[in-house]
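What follows is a set of notes on a single structure, which appears directly below.
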Amino acid sequence: DAKTTQPPSMDCAEGRAANLPCNHSTISGNEYVYWYRQIHSQGPQYIIHGLKNNETNEMASLIITEDRKSSTLILPHATLRDTAVYYCIGKAAGNKLTFGGGTRVLVKP
Amino acid sequence: NAGVTQTPKFQVLKTGQSMTLQCAQDMNHNSMYWYRQDPGMGLRLIYYSASEGTTDKGEVPNGYNVSRLNKREFSLRLESAAPSQTSVYFCASLLASEQYFGPGTRLTVT
């Protein structure tokens, strides 16, 4: 599975968009980019995933660069409840999830 | 629909004791997983079961055994607990591309 690199932490103002970057320069053509988040003490929660097209759902948008070497998770209007650790994972279908260190996002009022 | 449930929520063991962590899902998923998460770290895969009747080792299987009792249930057993197994244990099941996680079991081994 692809190695991913994320900043260890970032702050975001409540009500503003949060843009979370992820580098995955070694990602293979059949590997998807997955995003999960883990709110304190809870089990991880699936957010979104994509292969090469941009994706949007009720939680977030995923923007993948054309060369697929990086992506950005966008939380359009961050709330205090979005404070969590966000994990970017590169994985082929059928393979297992491998969690790295993630980005600790703190949404401030 | 309760999703993924885990019991117990908390447990304290003495070194050398044994115990079984229970996990059940009511979503009819084929694949189930056990992870551990140490403080400040990401999740590490212990064992997984792609379908009823099959189990495979993950990244950190030593000191653990698993049983996929049926499609719903996937248990994790510590035969002789060690302080290094102090951790939070998460069970998960998989539907298509999305994993659903349980609330976790917080285990302390003294």
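In the structure tokens, the first chain shown is A, the next is B, and so on; residue numbers restart at 1 for each chain, and ligands run from 1 in the order shown.
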Dump as CSV the rows for residues of chain B within 7 Å of chain A: closest atom pair and distance in Å with one decimal, only C-alpha atoms counted, ordered by chain and rising residue number.
residue,atom,partner,partner_atom,distance
B:Met41,CA,A:Gly101,CA,6.2
B:Gly42,CA,A:Gly101,CA,5.3
B:Leu43,CA,A:Phe99,CA,5.5
B:Arg44,CA,A:Phe99,CA,6.9
B:Phe90,CA,A:Gly43,CA,6.6
B:Glu98,CA,A:Tyr46,CA,6.3
B:Gln99,CA,A:Tyr46,CA,6.6
B:Tyr100,CA,A:Gln45,CA,6.9
B:Phe101,CA,A:Gly43,CA,5.3
B:Gly102,CA,A:Gly43,CA,5.8
B:Pro103,CA,A:Gly43,CA,5.2
B:Gly104,CA,A:Gly43,CA,6.3
Residue selection dump (N, CA and C atoms) as a PDB file, in the first residue's frame:
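Written file, part10.pdb:
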ATOM      1  N   MET B  41      -0.750   6.900  19.159  1.00  0.00           N
ATOM      2  CA  MET B  41      -0.337   6.179  17.948  1.00  0.00           C
ATOM      3  C   MET B  41      -1.539   5.909  17.052  1.00  0.00           C
ATOM      4  N   GLY B  42      -1.237   5.513  15.809  1.00  0.00           N
ATOM      5  CA  GLY B  42      -2.297   5.064  14.923  1.00  0.00           C
ATOM      6  C   GLY B  42      -2.697   3.630  15.243  1.00  0.00           C
ATOM      7  N   LEU B  43      -3.711   3.142  14.555  1.00  0.00           N
ATOM      8  CA  LEU B  43      -4.188   1.779  14.781  1.00  0.00           C
ATOM      9  C   LEU B  43      -3.269   0.777  14.074  1.00  0.00           C
ATOM     10  N   ARG B  44      -3.069  -0.363  14.729  1.00  0.00           N
ATOM     11  CA  ARG B  44      -2.295  -1.446  14.120  1.00  0.00           C
ATOM     12  C   ARG B  44      -3.154  -2.703  14.072  1.00  0.00           C
ATOM     13  N   PHE B  90      -9.877  -2.068  19.065  1.00  0.00           N
ATOM     14  CA  PHE B  90     -11.031  -1.760  18.219  1.00  0.00           C
ATOM     15  C   PHE B  90     -11.317  -2.932  17.297  1.00  0.00           C
ATOM     16  N   GLU B  98     -15.897   0.641   2.885  1.00  0.00           N
ATOM     17  CA  GLU B  98     -16.025   1.402   4.119  1.00  0.00           C
ATOM     18  C   GLU B  98     -15.955   0.488   5.336  1.00  0.00           C
ATOM     19  N   GLN B  99     -15.010   0.789   6.229  1.00  0.00           N
ATOM     20  CA  GLN B  99     -14.936   0.041   7.484  1.00  0.00           C
ATOM     21  C   GLN B  99     -15.742   0.744   8.568  1.00  0.00           C
ATOM     22  N   TYR B 100     -16.464  -0.072   9.336  1.00  0.00           N
ATOM     23  CA  TYR B 100     -17.228   0.424  10.470  1.00  0.00           C
ATOM     24  C   TYR B 100     -16.547  -0.062  11.738  1.00  0.00           C
ATOM     25  N   PHE B 101     -16.279   0.860  12.648  1.00  0.00           N
ATOM     26  CA  PHE B 101     -15.552   0.518  13.860  1.00  0.00           C
ATOM     27  C   PHE B 101     -16.467   0.501  15.069  1.00  0.00           C
ATOM     28  N   GLY B 102     -16.115  -0.369  16.026  1.00  0.00           N
ATOM     29  CA  GLY B 102     -16.798  -0.397  17.301  1.00  0.00           C
ATOM     30  C   GLY B 102     -16.251   0.689  18.210  1.00  0.00           C
ATOM     31  N   PRO B 103     -16.821   0.794  19.426  1.00  0.00           N
ATOM     32  CA  PRO B 103     -16.437   1.868  20.350  1.00  0.00           C
ATOM     33  C   PRO B 103     -15.131   1.608  21.084  1.00  0.00           C
ATOM     34  N   GLY B 104     -14.618   0.398  21.021  1.00  0.00           N
ATOM     35  CA  GLY B 104     -13.337   0.107  21.643  1.00  0.00           C
ATOM     36  C   GLY B 104     -13.450  -0.541  23.014  1.00  0.00           C
TER      37      GLY B 104
END
Within chain B, find each residue whose DSSP state, derived from the backbone, is strand (DSSP E), and express the selection as an MDAnalysis selection string. chainID B and resid 4:7 10:13 19:25 31:37 43:49 56:57 65:68 74:78 87:95 98:101 105:109
Please provide the set of residues having any atom within 7 Å of stretch 30-36 of chain B, restricted to only C-alpha atoms, with same-chain residues fewer than 2 positions apart removed, written as number ranges by chain. B: 28, 38, 43-52, 71, 74, 87-94
For stretch 1-15 of chain B, list every protein, DNA or RNA residue within 6 Å, evaluated using only C-alpha atoms, and leave out those in the same chain fewer than 5 positions away; present the list as a list in words. Gln22, Cys23, Ala24, Gln25, Asp26, Ala81, Ala82, Gly102, Thr105, Arg106, Leu107, Thr108, Val109 and Thr110 of chain B
Taking all heavy atoms for each residue, export the selection above as a compact mmCIF listing (two decimals), in the first residue's frame.
# COMPACT_ATOMS: atom_id res chain seq x y z
N GLN B 22 -14.95 -9.53 23.07
CA GLN B 22 -16.02 -9.93 22.17
C GLN B 22 -16.35 -8.80 21.20
O GLN B 22 -16.31 -7.62 21.54
CB GLN B 22 -17.28 -10.28 22.98
CG GLN B 22 -17.08 -11.31 24.06
CD GLN B 22 -16.87 -12.72 23.52
OE1 GLN B 22 -17.00 -12.96 22.32
NE2 GLN B 22 -16.55 -13.66 24.41
N CYS B 23 -16.69 -9.19 19.99
CA CYS B 23 -17.11 -8.23 18.97
C CYS B 23 -18.24 -8.85 18.17
O CYS B 23 -18.15 -10.03 17.79
CB CYS B 23 -15.95 -7.87 18.05
SG CYS B 23 -16.41 -6.83 16.65
N ALA B 24 -19.25 -8.05 17.89
CA ALA B 24 -20.36 -8.53 17.06
C ALA B 24 -20.82 -7.41 16.15
O ALA B 24 -20.78 -6.23 16.52
CB ALA B 24 -21.51 -9.02 17.93
N GLN B 25 -21.26 -7.79 14.95
CA GLN B 25 -21.83 -6.81 14.02
C GLN B 25 -23.12 -7.37 13.44
O GLN B 25 -23.23 -8.56 13.17
CB GLN B 25 -20.83 -6.44 12.91
CG GLN B 25 -20.20 -7.61 12.17
CD GLN B 25 -20.92 -8.04 10.91
OE1 GLN B 25 -21.85 -7.37 10.44
NE2 GLN B 25 -20.48 -9.14 10.33
N ASP B 26 -24.09 -6.47 13.25
CA ASP B 26 -25.40 -6.90 12.77
C ASP B 26 -25.67 -6.38 11.37
O ASP B 26 -26.82 -6.20 10.98
CB ASP B 26 -26.50 -6.45 13.74
CG ASP B 26 -26.55 -4.94 13.92
OD1 ASP B 26 -25.76 -4.23 13.25
OD2 ASP B 26 -27.37 -4.48 14.73
N ALA B 81 -1.87 -12.42 29.53
CA ALA B 81 -1.72 -10.99 29.31
C ALA B 81 -0.38 -10.48 29.82
O ALA B 81 0.13 -10.92 30.86
CB ALA B 81 -2.87 -10.25 29.98
N ALA B 82 0.16 -9.50 29.08
CA ALA B 82 1.41 -8.84 29.46
C ALA B 82 1.18 -7.33 29.49
O ALA B 82 0.31 -6.83 28.78
CB ALA B 82 2.50 -9.18 28.44
N GLY B 102 -16.11 -0.37 16.03
CA GLY B 102 -16.80 -0.40 17.30
C GLY B 102 -16.25 0.69 18.21
O GLY B 102 -15.31 1.40 17.87
N THR B 105 -12.42 -1.30 23.37
CA THR B 105 -12.25 -1.87 24.71
C THR B 105 -10.93 -1.36 25.25
O THR B 105 -9.89 -1.53 24.62
CB THR B 105 -12.21 -3.41 24.67
OG1 THR B 105 -13.47 -3.92 24.26
CG2 THR B 105 -11.86 -3.97 26.04
N ARG B 106 -11.00 -0.71 26.42
CA ARG B 106 -9.78 -0.18 27.04
C ARG B 106 -9.24 -1.18 28.03
O ARG B 106 -9.87 -1.43 29.05
CB ARG B 106 -10.09 1.16 27.70
CG ARG B 106 -10.19 2.27 26.68
CD ARG B 106 -11.18 3.34 27.04
NE ARG B 106 -11.31 4.30 25.94
CZ ARG B 106 -12.05 4.08 24.85
NH1 ARG B 106 -12.74 2.98 24.73
NH2 ARG B 106 -12.12 4.99 23.90
N LEU B 107 -8.09 -1.77 27.70
CA LEU B 107 -7.51 -2.83 28.49
C LEU B 107 -6.23 -2.35 29.16
O LEU B 107 -5.35 -1.78 28.51
CB LEU B 107 -7.18 -4.04 27.61
CG LEU B 107 -6.46 -5.20 28.29
CD1 LEU B 107 -7.37 -5.85 29.33
CD2 LEU B 107 -6.00 -6.23 27.28
N THR B 108 -6.16 -2.58 30.46
CA THR B 108 -4.95 -2.29 31.22
C THR B 108 -4.44 -3.58 31.83
O THR B 108 -5.21 -4.29 32.49
CB THR B 108 -5.22 -1.26 32.33
OG1 THR B 108 -5.72 -0.05 31.74
CG2 THR B 108 -3.95 -0.96 33.11
N VAL B 109 -3.16 -3.86 31.63
CA VAL B 109 -2.54 -5.04 32.22
C VAL B 109 -1.48 -4.58 33.22
O VAL B 109 -0.56 -3.85 32.85
CB VAL B 109 -1.90 -5.94 31.15
CG1 VAL B 109 -1.34 -7.21 31.80
CG2 VAL B 109 -2.90 -6.30 30.07
N THR B 110 -1.67 -4.97 34.46
CA THR B 110 -0.75 -4.51 35.51
C THR B 110 0.25 -5.59 35.90
O THR B 110 0.08 -6.77 35.56
CB THR B 110 -1.53 -4.09 36.75
OG1 THR B 110 -2.26 -5.22 37.24
CG2 THR B 110 -2.53 -2.99 36.42
Stretch 51-59 of chain A environment, 8 Å, only C-alpha atoms, sequence neighbours closer than 3 positions dropped, as a VMD selection string: chain A and resid 30 to 33 47 to 48 62 to 66 68 75
List as a PyMOL selection string the protein and nucleic acid residues near B:Tyr64, meaning an atom at most 9 Å away when only C-alpha atoms are counted, but skip any in the same chain fewer than 4 places from it. chain B and resi 46-47+60+76-80
As an exercise, work out the distance from atom CA of A:Thr5 to atom CA of B:Pro61 in Å and give it to one decimal place. 25.7 Å
By how many Å are atom CA of A:Glu14 and atom CA of A:Ser71 apart?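 Atom-to-atom, atom CA of A:Glu14 to atom CA of A:Ser71, that is 22.4 Å.
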What lies within 8 Å of A:Thr26 using only C-alpha atoms, ignoring chain neighbours under 4 positions off, as number ranges by chain? A: 2-3, 69
